[in-house]
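Structure file start.tsv (TSV, C-alpha atoms and all ligand atoms) follows.
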```tsv
chain	number	residue	atom	x	y	z
F	1	MET	CA	0.00	0.00	0.00
F	2	THR	CA	1.45	3.31	-1.08
F	3	HIS	CA	-0.64	5.73	0.94
F	4	PRO	CA	-0.51	5.97	4.71
F	5	PRO	CA	-3.43	4.44	6.62
F	6	TYR	CA	-5.87	7.07	7.86
F	7	LEU	CA	-5.36	5.98	11.45
F	8	SER	CA	-1.73	6.42	12.38
F	9	PRO	CA	-1.74	6.93	16.16
F	10	ALA	CA	1.84	8.22	16.38
F	11	TYR	CA	0.46	11.23	14.48
F	12	LYS	CA	-2.00	12.17	17.19
F	13	SER	CA	-4.45	14.27	15.21
F	14	THR	CA	-5.40	11.21	13.16
F	15	VAL	CA	-7.11	9.63	16.16
F	16	LEU	CA	-10.28	11.75	16.03
F	17	ARG	CA	-10.16	12.47	12.31
F	18	ALA	CA	-9.45	9.15	10.58
F	19	PRO	CA	-12.62	7.50	9.23
F	20	SER	CA	-13.38	4.58	11.53
F	21	ARG	CA	-15.84	2.62	9.40
F	22	GLU	CA	-15.06	0.63	6.33
F	23	LEU	CA	-14.68	2.63	3.14
F	24	VAL	CA	-17.15	1.74	0.40
F	25	LEU	CA	-15.70	0.65	-2.94
F	26	PRO	CA	-18.48	0.60	-5.55
F	27	LYS	CA	-18.20	-2.38	-7.90
F	28	LEU	CA	-18.10	-0.12	-10.93
F	29	GLY	CA	-15.58	2.21	-9.30
F	30	PRO	CA	-15.82	5.96	-9.66
F	31	ASP	CA	-18.17	7.19	-12.40
F	32	SER	CA	-17.82	9.72	-15.19
F	33	VAL	CA	-18.01	12.73	-12.88
F	34	GLU	CA	-15.30	11.42	-10.59
F	35	LEU	CA	-13.20	10.29	-13.56
F	36	THR	CA	-12.99	13.81	-14.96
F	37	SER	CA	-11.21	16.79	-13.48
F	38	PRO	CA	-11.49	20.56	-13.58
F	39	VAL	CA	-9.35	22.13	-16.29
F	40	PHE	CA	-7.12	25.12	-15.58
F	41	GLY	CA	-5.50	27.59	-17.97
F	42	HIS	CA	-2.54	29.95	-18.04
F	43	ALA	CA	-4.84	32.97	-17.95
F	44	GLU	CA	-5.86	31.95	-14.45
F	45	LEU	CA	-2.33	32.09	-13.06
F	46	GLY	CA	-0.16	35.14	-12.46
F	47	ALA	CA	3.15	35.47	-14.32
F	48	LEU	CA	5.15	35.18	-11.07
F	49	ASP	CA	3.07	32.48	-9.44
F	50	ASN	CA	5.80	29.90	-9.85
F	51	ASP	CA	8.61	32.13	-8.54
F	52	LEU	CA	8.16	32.42	-4.80
F	53	THR	CA	11.21	34.69	-4.57
F	54	LYS	CA	9.66	37.45	-6.72
F	55	GLN	CA	6.29	37.99	-5.09
F	56	HIS	CA	7.40	40.95	-2.94
F	57	SER	CA	9.49	44.07	-3.38
F	58	GLY	CA	12.66	42.49	-2.00
F	59	GLU	CA	14.34	39.11	-2.12
F	60	PRO	CA	13.52	36.64	0.63
F	61	LEU	CA	16.31	35.46	2.92
F	62	GLY	CA	17.62	31.93	2.67
F	63	GLU	CA	19.00	29.49	0.20
F	64	ARG	CA	17.48	29.97	-3.27
F	65	ILE	CA	16.52	26.69	-4.92
F	66	ILE	CA	14.86	25.41	-8.08
F	67	VAL	CA	12.32	22.62	-7.63
F	68	THR	CA	11.21	20.89	-10.79
F	69	GLY	CA	9.87	17.55	-11.88
F	70	ARG	CA	7.35	15.74	-14.00
F	71	LEU	CA	3.78	14.81	-13.30
F	72	LEU	CA	3.13	11.30	-14.62
F	73	ASP	CA	0.20	8.93	-14.64
F	74	SER	CA	0.45	5.37	-13.43
F	75	THR	CA	1.63	4.18	-16.86
F	76	GLY	CA	4.45	6.72	-16.94
F	77	ARG	CA	2.79	9.10	-19.38
F	78	PRO	CA	3.18	12.81	-18.70
F	79	VAL	CA	0.12	14.72	-17.50
F	80	PRO	CA	0.19	18.11	-19.28
F	81	GLY	CA	-1.76	21.21	-18.28
F	82	ALA	CA	-2.22	20.09	-14.70
F	83	LEU	CA	-2.41	22.54	-11.82
F	84	VAL	CA	0.35	22.18	-9.21
F	85	GLU	CA	0.07	24.25	-6.04
F	86	VAL	CA	2.80	24.53	-3.39
F	87	TRP	CA	3.19	26.08	0.04
F	88	GLN	CA	5.97	26.07	2.58
F	89	ALA	CA	7.64	27.64	5.60
F	90	ASN	CA	10.32	30.29	5.10
F	91	ALA	CA	14.04	29.67	5.59
F	92	ALA	CA	13.63	30.03	9.36
F	93	GLY	CA	10.87	27.42	9.53
F	94	ARG	CA	7.99	29.88	9.94
F	95	TYR	CA	4.80	29.97	7.88
F	96	ALA	CA	3.24	33.29	6.95
F	97	HIS	CA	0.10	32.02	8.65
F	98	LEU	CA	-1.75	33.53	11.60
F	99	ARG	CA	-1.91	30.24	13.46
F	100	ASP	CA	1.81	29.53	13.21
F	101	GLN	CA	3.16	30.37	16.67
F	102	HIS	CA	6.74	29.20	16.13
F	103	PRO	CA	8.99	31.97	17.50
F	104	ALA	CA	11.10	32.22	14.35
F	105	PRO	CA	11.16	35.36	12.23
F	106	LEU	CA	8.67	36.04	9.49
F	107	ASP	CA	10.18	37.22	6.21
F	108	PRO	CA	8.32	40.21	4.75
F	109	ASN	CA	9.54	39.14	1.33
F	110	PHE	CA	8.24	35.60	1.49
F	111	THR	CA	4.68	34.33	1.56
F	112	GLY	CA	5.60	30.80	0.54
F	113	ALA	CA	2.76	29.93	-1.85
F	114	GLY	CA	2.95	29.21	-5.58
F	115	ARG	CA	1.12	27.78	-8.57
F	116	ALA	CA	2.21	26.30	-11.87
F	117	LEU	CA	0.75	24.36	-14.78
F	118	THR	CA	2.61	21.38	-16.16
F	119	ASP	CA	3.91	21.76	-19.73
F	120	ALA	CA	3.46	19.33	-22.63
F	121	GLN	CA	6.04	16.99	-21.07
F	122	GLY	CA	4.26	17.12	-17.72
F	123	ARG	CA	6.99	19.30	-16.23
F	124	TYR	CA	6.49	21.95	-13.56
F	125	GLU	CA	9.10	24.29	-12.12
F	126	PHE	CA	9.28	26.53	-9.07
F	127	VAL	CA	11.93	28.92	-7.85
F	128	THR	CA	11.81	29.26	-4.08
F	129	ILE	CA	13.79	29.26	-0.84
F	130	LYS	CA	14.78	26.12	0.98
F	131	PRO	CA	12.31	25.83	3.86
F	132	GLY	CA	13.51	25.38	7.44
F	133	ALA	CA	12.53	22.58	9.81
F	134	TYR	CA	9.94	23.61	12.37
F	135	PRO	CA	8.64	22.36	15.72
F	136	TRP	CA	5.10	21.09	16.28
F	137	ARG	CA	3.20	19.89	19.30
F	138	ASN	CA	2.57	16.26	18.39
F	139	HIS	CA	4.94	14.98	21.06
F	140	ASP	CA	7.81	16.24	23.17
F	141	ASN	CA	10.55	17.83	21.05
F	142	ALA	CA	8.71	17.14	17.79
F	143	TRP	CA	10.16	18.69	14.62
F	144	ARG	CA	9.03	18.38	11.03
F	145	PRO	CA	11.75	17.68	8.47
F	146	ALA	CA	12.04	20.50	5.93
F	147	HIS	CA	9.30	20.05	3.33
F	148	ILE	CA	7.28	21.70	0.60
F	149	HIS	CA	3.56	20.93	0.48
F	150	PHE	CA	2.26	19.94	-2.98
F	151	SER	CA	-1.33	19.81	-4.24
F	152	VAL	CA	-1.86	18.29	-7.69
F	153	PHE	CA	-4.78	17.71	-10.05
F	154	GLY	CA	-4.70	14.81	-12.46
F	155	THR	CA	-7.14	13.93	-15.21
F	156	ALA	CA	-9.64	12.46	-12.72
F	157	PHE	CA	-11.01	14.05	-9.58
F	158	THR	CA	-10.17	10.80	-7.80
F	159	GLN	CA	-6.50	11.33	-8.71
F	160	ARG	CA	-6.26	14.49	-6.60
F	161	LEU	CA	-3.08	14.26	-4.62
F	162	VAL	CA	-1.88	16.36	-1.71
F	163	THR	CA	1.55	15.44	-0.46
F	164	GLN	CA	4.84	16.79	0.86
F	165	MET	CA	8.25	16.89	-0.79
F	166	TYR	CA	11.29	16.38	1.42
F	167	PHE	CA	15.01	17.03	0.97
F	168	PRO	CA	17.68	14.33	0.75
F	169	GLY	CA	19.44	13.21	3.91
F	170	ASP	CA	17.24	14.98	6.44
F	171	PRO	CA	18.15	13.75	9.95
F	172	LEU	CA	14.54	14.25	11.08
F	173	PHE	CA	13.03	11.54	8.83
F	174	ALA	CA	13.36	8.85	11.49
F	175	HIS	CA	11.61	11.02	14.06
F	176	ASP	CA	8.68	12.30	12.00
F	177	PRO	CA	5.37	10.44	12.43
F	178	ILE	CA	3.93	12.06	9.29
F	179	PHE	CA	6.75	10.86	7.04
F	180	GLN	CA	6.81	7.52	8.88
F	181	SER	CA	3.04	7.08	8.48
F	182	ILE	CA	3.80	5.67	5.03
F	183	PRO	CA	4.37	2.01	5.84
F	184	ASP	CA	6.59	1.12	2.89
F	185	GLU	CA	10.13	2.40	2.99
F	186	LYS	CA	10.41	2.54	-0.82
F	187	ALA	CA	7.21	4.56	-0.99
F	188	ARG	CA	8.58	6.98	1.61
F	189	ARG	CA	11.68	7.49	-0.49
F	190	ARG	CA	9.51	8.64	-3.39
F	191	LEU	CA	8.74	11.76	-1.37
F	192	VAL	CA	12.41	12.69	-1.08
F	193	SER	CA	13.57	14.99	-3.84
F	194	ARG	CA	16.85	14.40	-5.59
F	195	PHE	CA	19.63	16.98	-5.68
F	196	ASP	CA	20.56	17.47	-9.33
F	197	LEU	CA	23.66	19.26	-10.53
F	198	ASP	CA	22.22	19.66	-14.04
F	199	THR	CA	19.23	21.52	-12.63
F	200	THR	CA	21.54	23.64	-10.48
F	201	VAL	CA	22.29	27.04	-12.02
F	202	PRO	CA	25.89	28.24	-11.49
F	203	GLU	CA	26.28	31.24	-9.19
F	204	TRP	CA	22.55	31.25	-8.55
F	205	ALA	CA	20.57	28.31	-7.16
F	206	LEU	CA	20.71	24.61	-6.27
F	207	GLY	CA	18.35	22.36	-8.18
F	208	TYR	CA	16.11	19.56	-6.93
F	209	GLN	CA	14.09	17.08	-8.98
F	210	PHE	CA	10.78	15.72	-7.68
F	211	ASP	CA	8.62	13.60	-9.99
F	212	ILE	CA	5.02	12.92	-8.98
F	213	VAL	CA	3.21	9.78	-10.09
F	214	LEU	CA	-0.56	9.74	-9.83
F	215	GLY	CA	-2.42	6.60	-8.87
F	216	GLN	CA	-4.94	4.63	-10.80
F	217	THR	CA	-8.47	4.88	-9.64
F	218	PRO	CA	-9.80	3.25	-7.62
F	219	THR	CA	-6.82	3.31	-5.34
F	220	GLU	CA	-3.91	1.30	-6.65
F	221	ASP	CA	-1.79	-0.67	-4.27
F	222	ALA	CA	1.48	-0.36	-6.15
Q	1	MET	CA	5.22	3.66	-8.27
Q	2	THR	CA	2.54	6.02	-7.06
Q	3	THR	CA	3.54	9.03	-5.00
Q	4	PRO	CA	2.16	8.63	-1.48
Q	5	SER	CA	-0.22	11.12	0.06
Q	6	GLN	CA	0.59	13.28	3.07
Q	7	THR	CA	-1.61	15.51	5.18
Q	8	VAL	CA	-2.52	18.98	3.92
Q	9	GLY	CA	-1.46	20.22	7.39
Q	10	PRO	CA	-2.76	23.37	9.07
Q	11	PHE	CA	-0.94	26.01	7.02
Q	12	PHE	CA	-2.46	25.92	3.53
Q	13	GLY	CA	-4.24	29.25	4.07
Q	14	TYR	CA	-2.17	31.36	1.65
Q	15	ALA	CA	-2.02	28.68	-0.99
Q	16	LEU	CA	-5.26	26.80	-1.52
Q	17	PRO	CA	-8.19	29.14	-0.80
Q	18	TYR	CA	-8.80	31.71	-3.52
Q	19	ASP	CA	-11.24	34.52	-4.21
Q	20	GLY	CA	-14.50	33.13	-5.48
Q	21	GLY	CA	-13.47	29.57	-4.61
Q	22	PRO	CA	-16.80	28.70	-2.99
Q	23	ASP	CA	-18.84	30.25	-5.83
Q	24	LEU	CA	-19.36	27.97	-8.83
Q	25	VAL	CA	-21.95	30.44	-10.09
Q	26	PRO	CA	-22.80	33.95	-8.92
Q	27	GLY	CA	-25.53	34.05	-6.30
Q	28	TRP	CA	-27.77	36.22	-8.50
Q	29	ARG	CA	-28.39	33.46	-10.99
Q	30	THR	CA	-31.99	32.29	-10.68
Q	31	ASP	CA	-30.90	28.67	-10.60
Q	32	ALA	CA	-28.28	29.23	-7.87
Q	33	ILE	CA	-28.45	27.07	-4.76
Q	34	ARG	CA	-26.55	27.32	-1.51
Q	35	LEU	CA	-24.86	24.31	0.08
Q	36	HIS	CA	-23.47	24.53	3.54
Q	37	GLY	CA	-22.50	22.32	6.41
Q	38	ARG	CA	-19.96	21.56	9.07
Q	39	VAL	CA	-17.01	19.21	9.25
Q	40	LEU	CA	-16.98	17.42	12.61
Q	41	ASP	CA	-14.40	15.15	14.23
Q	42	GLY	CA	-14.89	11.98	16.26
Q	43	ALA	CA	-15.62	13.96	19.42
Q	44	GLY	CA	-18.31	15.93	17.58
Q	45	ASP	CA	-16.12	19.02	17.63
Q	46	PRO	CA	-15.85	21.27	14.59
Q	47	VAL	CA	-12.78	20.89	12.39
Q	48	PRO	CA	-11.59	24.47	11.85
Q	49	ASP	CA	-8.72	23.63	9.51
Q	50	ALA	CA	-10.32	21.50	6.82
Q	51	ILE	CA	-10.68	22.39	3.15
Q	52	VAL	CA	-13.60	21.04	1.15
Q	53	GLU	CA	-13.57	20.63	-2.64
Q	54	ILE	CA	-16.51	19.84	-4.90
Q	55	TRP	CA	-16.73	18.85	-8.56
Q	56	GLN	CA	-20.00	18.44	-10.43
Q	57	PRO	CA	-21.84	18.58	-13.76
Q	58	ASP	CA	-24.09	21.49	-14.71
Q	59	GLY	CA	-27.87	21.44	-14.43
Q	60	ASP	CA	-28.17	19.35	-17.60
Q	61	GLY	CA	-25.65	16.76	-16.53
Q	62	GLY	CA	-22.89	18.26	-18.69
Q	63	ILE	CA	-19.38	17.98	-17.29
Q	64	PRO	CA	-17.53	21.30	-17.70
Q	65	ARG	CA	-14.52	20.93	-20.01
Q	66	ARG	CA	-13.46	24.57	-20.23
Q	67	GLN	CA	-10.89	26.36	-18.12
Q	68	GLY	CA	-11.76	28.95	-15.55
Q	69	ALA	CA	-12.27	27.30	-12.18
Q	70	LEU	CA	-9.71	29.61	-10.56
Q	71	ARG	CA	-10.98	32.75	-12.25
Q	72	ARG	CA	-14.56	32.33	-13.23
Q	73	GLU	CA	-15.82	34.59	-16.00
Q	74	ASP	CA	-19.11	36.42	-15.39
Q	75	ASP	CA	-21.89	33.94	-14.82
Q	76	ALA	CA	-20.08	30.94	-16.29
Q	77	PHE	CA	-20.33	27.67	-14.41
Q	78	SER	CA	-16.96	26.15	-13.57
Q	79	GLY	CA	-17.96	22.89	-11.91
Q	80	PHE	CA	-15.20	23.13	-9.31
Q	81	GLY	CA	-15.35	24.76	-5.90
Q	82	ARG	CA	-13.08	25.00	-2.90
Q	83	CYS	CA	-13.86	26.31	0.58
Q	84	PRO	CA	-11.81	26.21	3.79
Q	85	THR	CA	-13.79	25.65	7.00
Q	86	ASP	CA	-14.11	28.47	9.53
Q	87	LEU	CA	-13.59	28.26	13.28
Q	88	ASP	CA	-16.96	26.51	13.66
Q	89	GLY	CA	-16.04	23.94	11.02
Q	90	ARG	CA	-18.44	25.54	8.53
Q	91	TYR	CA	-18.09	25.58	4.77
Q	92	HIS	CA	-20.43	26.82	2.05
Q	93	PHE	CA	-20.83	26.80	-1.73
Q	94	THR	CA	-23.02	28.63	-4.21
Q	95	THR	CA	-23.72	26.40	-7.18
Q	96	VAL	CA	-26.49	24.84	-9.26
Q	97	ARG	CA	-28.23	21.52	-8.80
Q	98	PRO	CA	-26.36	19.01	-10.95
Q	99	GLY	CA	-28.13	16.99	-13.58
Q	100	ALA	CA	-27.76	13.23	-13.66
Q	101	VAL	CA	-24.92	11.76	-15.73
Q	102	GLY	CA	-25.37	8.36	-17.25
Q	103	ASP	CA	-28.15	5.82	-17.06
Q	104	GLY	CA	-29.70	5.06	-13.74
Q	105	SER	CA	-27.50	7.38	-11.70
Q	106	ALA	CA	-29.01	9.94	-9.37
Q	107	PRO	CA	-27.60	13.47	-9.52
Q	108	TYR	CA	-24.79	14.08	-7.04
Q	109	ILE	CA	-21.84	16.32	-6.29
Q	110	ALA	CA	-18.41	14.74	-5.80
Q	111	VAL	CA	-16.87	15.93	-2.53
Q	112	GLN	CA	-13.34	15.66	-1.15
Q	113	VAL	CA	-12.18	16.81	2.24
Q	114	PHE	CA	-8.61	17.52	3.31
Q	115	MET	CA	-7.47	18.43	6.82
Q	116	ARG	CA	-4.64	18.35	9.31
Q	117	GLY	CA	-4.70	14.90	10.87
Q	118	LEU	CA	-5.95	13.30	7.66
Q	119	LEU	CA	-3.09	11.57	5.85
Q	120	ARG	CA	-5.09	11.28	2.66
Q	121	GLN	CA	-8.24	13.10	1.62
Q	122	VAL	CA	-11.64	11.46	2.00
Q	123	PHE	CA	-14.00	11.05	-0.95
Q	124	THR	CA	-17.75	11.26	-0.57
Q	125	ARG	CA	-20.87	12.25	-2.55
Q	126	LEU	CA	-23.65	14.71	-1.86
Q	127	TYR	CA	-27.06	13.60	-3.13
Q	128	PHE	CA	-30.24	15.70	-3.04
Q	129	PRO	CA	-33.24	14.87	-0.85
Q	130	GLU	CA	-35.88	15.37	-3.57
Q	131	ASP	CA	-34.52	12.54	-5.72
Q	132	THR	CA	-35.79	9.59	-3.68
Q	133	ALA	CA	-36.95	7.61	-6.73
Q	134	ALA	CA	-33.57	8.06	-8.45
Q	135	HIS	CA	-31.76	7.10	-5.24
Q	136	ALA	CA	-33.58	3.78	-5.15
Q	137	ALA	CA	-32.13	2.99	-8.59
Q	138	ASP	CA	-28.66	4.51	-8.12
Q	139	PRO	CA	-26.07	1.73	-8.41
Q	140	VAL	CA	-23.58	3.28	-6.01
Q	141	LEU	CA	-26.11	4.16	-3.32
Q	142	ASN	CA	-27.34	0.61	-3.54
Q	143	GLU	CA	-23.92	-0.66	-2.56
Q	144	VAL	CA	-23.89	1.50	0.54
Q	145	PRO	CA	-25.27	-0.24	3.64
Q	146	ALA	CA	-28.91	0.86	3.90
Q	147	ASP	CA	-28.53	2.26	7.40
Q	148	ARG	CA	-25.71	4.57	6.26
Q	149	ARG	CA	-27.20	5.91	3.01
Q	150	ALA	CA	-28.75	8.92	4.70
Q	151	THR	CA	-25.26	10.28	5.45
Q	152	LEU	CA	-24.89	10.96	1.71
Q	153	VAL	CA	-28.12	12.90	1.31
Q	154	ALA	CA	-28.17	16.63	2.04
Q	155	ALA	CA	-31.07	18.09	4.03
Q	156	ALA	CA	-33.33	20.66	2.38
Q	157	GLU	CA	-33.34	23.86	4.37
Q	158	GLY	CA	-35.78	26.40	2.99
Q	159	GLU	CA	-35.52	28.06	-0.40
Q	160	ARG	CA	-32.74	26.58	-2.51
Q	161	THR	CA	-30.56	25.80	0.50
Q	162	TYR	CA	-29.13	22.44	1.46
Q	163	ARG	CA	-27.19	21.32	4.47
Q	164	PHE	CA	-24.57	18.58	4.33
Q	165	ASP	CA	-22.57	17.86	7.49
Q	166	ILE	CA	-19.51	15.70	7.21
Q	167	HIS	CA	-18.86	13.47	10.22
Q	168	MET	CA	-15.40	11.96	10.23
Q	169	GLN	CA	-16.34	9.33	12.82
Q	170	GLY	CA	-19.12	8.21	15.12
Q	171	GLU	CA	-22.71	7.04	14.89
Q	172	GLN	CA	-23.38	9.33	11.94
Q	173	GLU	CA	-20.00	8.85	10.24
Q	174	THR	CA	-20.32	9.94	6.62
Q	175	VAL	CA	-19.83	7.23	4.04
Q	176	PHE	CA	-16.43	7.61	2.40
Q	177	PHE	CA	-15.43	5.87	-0.79
Q	178	ALA	CA	-12.26	3.85	-1.42
Q	179	PHE	CA	-11.18	5.81	-4.50
K	1	FE	FE	4.23	22.03	6.72
```

Here is a file; write its structure as structure tokens.
Amino acid sequence: MTHPPYLSPAYKSTVLRAPSRELVLPKLGPDSVELTSPVFGHAELGALDNDLTKQHSGEPLGERIIVTGRLLDSTGRPVPGALVEVWQANAAGRYAHLRDQHPAPLDPNFTGAGRALTDAQGRYEFVTIKPGAYPWRNHDNAWRPAHIHFSVFGTAFTQRLVTQMYFPGDPLFAHDPIFQSIPDEKARRRLVSRFDLDTTVPEWALGYQFDIVLGQTPTEDA
Amino acid sequence: MTTPSQTVGPFFGYALPYDGGPDLVPGWRTDAIRLHGRVLDGAGDPVPDAIVEIWQPDGDGGIPRRQGALRREDDAFSGFGRCPTDLDGRYHFTTVRPGAVGDGSAPYIAVQVFMRGLLRQVFTRLYFPEDTAAHAADPVLNEVPADRRATLVAAAEGERTYRFDIHMQGEQETVFFAF
């Protein structure tokens, strides 16, 4: 099973929020509404939506990075024209969000939200700042590994995927109940981006590759 | 080699909600309806950090194939809506009643809910209370245990208003699909 189980008690908030009764799988699977998806166009996005370092008057602090990858279906075919949305903490590990109480500095030049559409090859690209790790209250001394949240549309509403991209070699992986909620180690590794020297731009920014593979519907168990 | 899901977390506020997200049509359209409800956890407490998405055909059962769900033009129907819950766990949409798609299916709206504490979204359907005859014939509803079917049917609440609460757990736990 690729996806984490809903109930994952080490991640405490799942206890009252995970469905407790059996999910219903209709014999015919999802129908023609659920097997289609909203369509998005370039006119709906702003020109700087995929550059999180250019959304304010100044440059945000931190390590500038390029995050790019391909959106693929379960047969390996690219998914073009798909909406990819991202959000993340700033370099200090603080979200520009009212409910984030972490006593790390906000960055007036960083909101940490972006949008992109995949191109004909299924590729998206963001320019951003490497996010910091941040504490949370799940357990004593709990810290999230640095991550970028991703939200993706496929060609079916049932393919909607919300996930998190991590960075290679993070020492917090072993201690994070959200990352560890994915039972299969190989599946967990698919959420770790790959540093790529070819994506890296000299004198400017490190590059990371993160491909996203959408499931079949109903839920695959690859 | 599917990419695994992770929780949406609590901090999607600057990224996912957008202006007009809950409005699939403008409220002045004569065929506009209002959907609203609450998202509740296993203790019956409101979930203040959920985000609800809907996807549906138009009034004639046509599935929208044009762009524009993020920036709707005039009175065009986009088919897609997104609304974060408020501190009381409430969400709302302004839309039209969907037409039925395909033989024997009752009209419904596809619903997904994301929240902190949910490692993958849940999938459900919102059916309309006036369609009892169509519900009896609907192949998917018929596969839902009879005593749980009512969790998929919104309640009529006055003029063109429907209420659909989403219970994550408990006696009234909403039926979620294994999609
Ligand atoms: Fe986060």

Would you list the contacts of range 77-79 of chain Q as an MDAnalysis selection string, taking every protein, DNA or RNA residue within 10 Å and counting only C-alpha atoms, but skipping same-chain residues closer than 5 positions in sequence?
(chainID F and resid 37:39) or (chainID Q and resid 23:26 54:59 62:72 95:96 98 109)

Using all atoms listed in the file, determine which residues of chain Q fall within 8 Å of chain F; present them as an MDAnalysis selection string.
chainID Q and resid 1:8 11:16 41:43 55:57 63:71 78:80 101:102 110 116:121 123 140 143:144 168:170 173 175:179

Output C-alpha atoms for every residue in the selection just made, as an mmCIF file, in the coordinates of the input.
```
data_model
loop_
_atom_site.group_PDB
_atom_site.id
_atom_site.type_symbol
_atom_site.label_atom_id
_atom_site.label_comp_id
_atom_site.auth_asym_id
_atom_site.auth_seq_id
_atom_site.Cartn_x
_atom_site.Cartn_y
_atom_site.Cartn_z
ATOM 1 C CA MET Q 1 5.220 3.660 -8.270
ATOM 2 C CA THR Q 2 2.540 6.020 -7.060
ATOM 3 C CA THR Q 3 3.540 9.030 -5.000
ATOM 4 C CA PRO Q 4 2.160 8.630 -1.480
ATOM 5 C CA SER Q 5 -0.220 11.120 0.060
ATOM 6 C CA GLN Q 6 0.590 13.280 3.070
ATOM 7 C CA THR Q 7 -1.610 15.510 5.180
ATOM 8 C CA VAL Q 8 -2.520 18.980 3.920
ATOM 9 C CA PHE Q 11 -0.940 26.010 7.020
ATOM 10 C CA PHE Q 12 -2.460 25.920 3.530
ATOM 11 C CA GLY Q 13 -4.240 29.250 4.070
ATOM 12 C CA TYR Q 14 -2.170 31.360 1.650
ATOM 13 C CA ALA Q 15 -2.020 28.680 -0.990
ATOM 14 C CA LEU Q 16 -5.260 26.800 -1.520
ATOM 15 C CA ASP Q 41 -14.400 15.150 14.230
ATOM 16 C CA GLY Q 42 -14.890 11.980 16.260
ATOM 17 C CA ALA Q 43 -15.620 13.960 19.420
ATOM 18 C CA TRP Q 55 -16.730 18.850 -8.560
ATOM 19 C CA GLN Q 56 -20.000 18.440 -10.430
ATOM 20 C CA PRO Q 57 -21.840 18.580 -13.760
ATOM 21 C CA ILE Q 63 -19.380 17.980 -17.290
ATOM 22 C CA PRO Q 64 -17.530 21.300 -17.700
ATOM 23 C CA ARG Q 65 -14.520 20.930 -20.010
ATOM 24 C CA ARG Q 66 -13.460 24.570 -20.230
ATOM 25 C CA GLN Q 67 -10.890 26.360 -18.120
ATOM 26 C CA GLY Q 68 -11.760 28.950 -15.550
ATOM 27 C CA ALA Q 69 -12.270 27.300 -12.180
ATOM 28 C CA LEU Q 70 -9.710 29.610 -10.560
ATOM 29 C CA ARG Q 71 -10.980 32.750 -12.250
ATOM 30 C CA SER Q 78 -16.960 26.150 -13.570
ATOM 31 C CA GLY Q 79 -17.960 22.890 -11.910
ATOM 32 C CA PHE Q 80 -15.200 23.130 -9.310
ATOM 33 C CA VAL Q 101 -24.920 11.760 -15.730
ATOM 34 C CA GLY Q 102 -25.370 8.360 -17.250
ATOM 35 C CA ALA Q 110 -18.410 14.740 -5.800
ATOM 36 C CA ARG Q 116 -4.640 18.350 9.310
ATOM 37 C CA GLY Q 117 -4.700 14.900 10.870
ATOM 38 C CA LEU Q 118 -5.950 13.300 7.660
ATOM 39 C CA LEU Q 119 -3.090 11.570 5.850
ATOM 40 C CA ARG Q 120 -5.090 11.280 2.660
ATOM 41 C CA GLN Q 121 -8.240 13.100 1.620
ATOM 42 C CA PHE Q 123 -14.000 11.050 -0.950
ATOM 43 C CA VAL Q 140 -23.580 3.280 -6.010
ATOM 44 C CA GLU Q 143 -23.920 -0.660 -2.560
ATOM 45 C CA VAL Q 144 -23.890 1.500 0.540
ATOM 46 C CA MET Q 168 -15.400 11.960 10.230
ATOM 47 C CA GLN Q 169 -16.340 9.330 12.820
ATOM 48 C CA GLY Q 170 -19.120 8.210 15.120
ATOM 49 C CA GLU Q 173 -20.000 8.850 10.240
ATOM 50 C CA VAL Q 175 -19.830 7.230 4.040
ATOM 51 C CA PHE Q 176 -16.430 7.610 2.400
ATOM 52 C CA PHE Q 177 -15.430 5.870 -0.790
ATOM 53 C CA ALA Q 178 -12.260 3.850 -1.420
ATOM 54 C CA PHE Q 179 -11.180 5.810 -4.500
#
```

May I have the protein, DNA and RNA residues with any atom at most 7 Å from the point (-12.1, 14.0, 0.5), counting all atoms listed in the file, written as JSON, numbers by chain?
{"Q": [111, 112, 113, 114, 121, 122, 123, 124]}

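Note that the spacing between CA of Val39 in chain Q and CA of Phe153 in chain F amounts to 22.9 Å.
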
By how many Å are CA of Asp147 in chain Q and CA of Tyr108 in chain Q apart?
19.0 Å

Output, as JSON, the centre and edge lengths in Å (one decimal) of the axis-aligned box that contains all listed atoms of range 135-138 of chain F with 6 Å of margin on each side.
```
{"center_x": 5.6, "center_y": 19.3, "center_z": 17.5, "size_x": 18.1, "size_y": 18.1, "size_z": 15.6}
```

Non-local contacts of Ala155 in chain Q (10 Å; all atoms listed in the file; under 3 positions in same chain excluded) as a PDB file with C-alpha atoms, in the coordinates of the input:
```pdb
ATOM      1  CA  LEU Q  35     -24.860  24.310   0.080  1.00  0.00           C
ATOM      2  CA  HIS Q  36     -23.470  24.530   3.540  1.00  0.00           C
ATOM      3  CA  GLY Q  37     -22.500  22.320   6.410  1.00  0.00           C
ATOM      4  CA  TYR Q 127     -27.060  13.600  -3.130  1.00  0.00           C
ATOM      5  CA  PHE Q 128     -30.240  15.700  -3.040  1.00  0.00           C
ATOM      6  CA  PRO Q 129     -33.240  14.870  -0.850  1.00  0.00           C
ATOM      7  CA  GLU Q 130     -35.880  15.370  -3.570  1.00  0.00           C
ATOM      8  CA  ALA Q 150     -28.750   8.920   4.700  1.00  0.00           C
ATOM      9  CA  THR Q 151     -25.260  10.280   5.450  1.00  0.00           C
ATOM     10  CA  LEU Q 152     -24.890  10.960   1.710  1.00  0.00           C
ATOM     11  CA  GLY Q 158     -35.780  26.400   2.990  1.00  0.00           C
ATOM     12  CA  THR Q 161     -30.560  25.800   0.500  1.00  0.00           C
ATOM     13  CA  TYR Q 162     -29.130  22.440   1.460  1.00  0.00           C
ATOM     14  CA  ARG Q 163     -27.190  21.320   4.470  1.00  0.00           C
ATOM     15  CA  PHE Q 164     -24.570  18.580   4.330  1.00  0.00           C
ATOM     16  CA  ASP Q 165     -22.570  17.860   7.490  1.00  0.00           C
TER      17      ASP Q 165
END
```
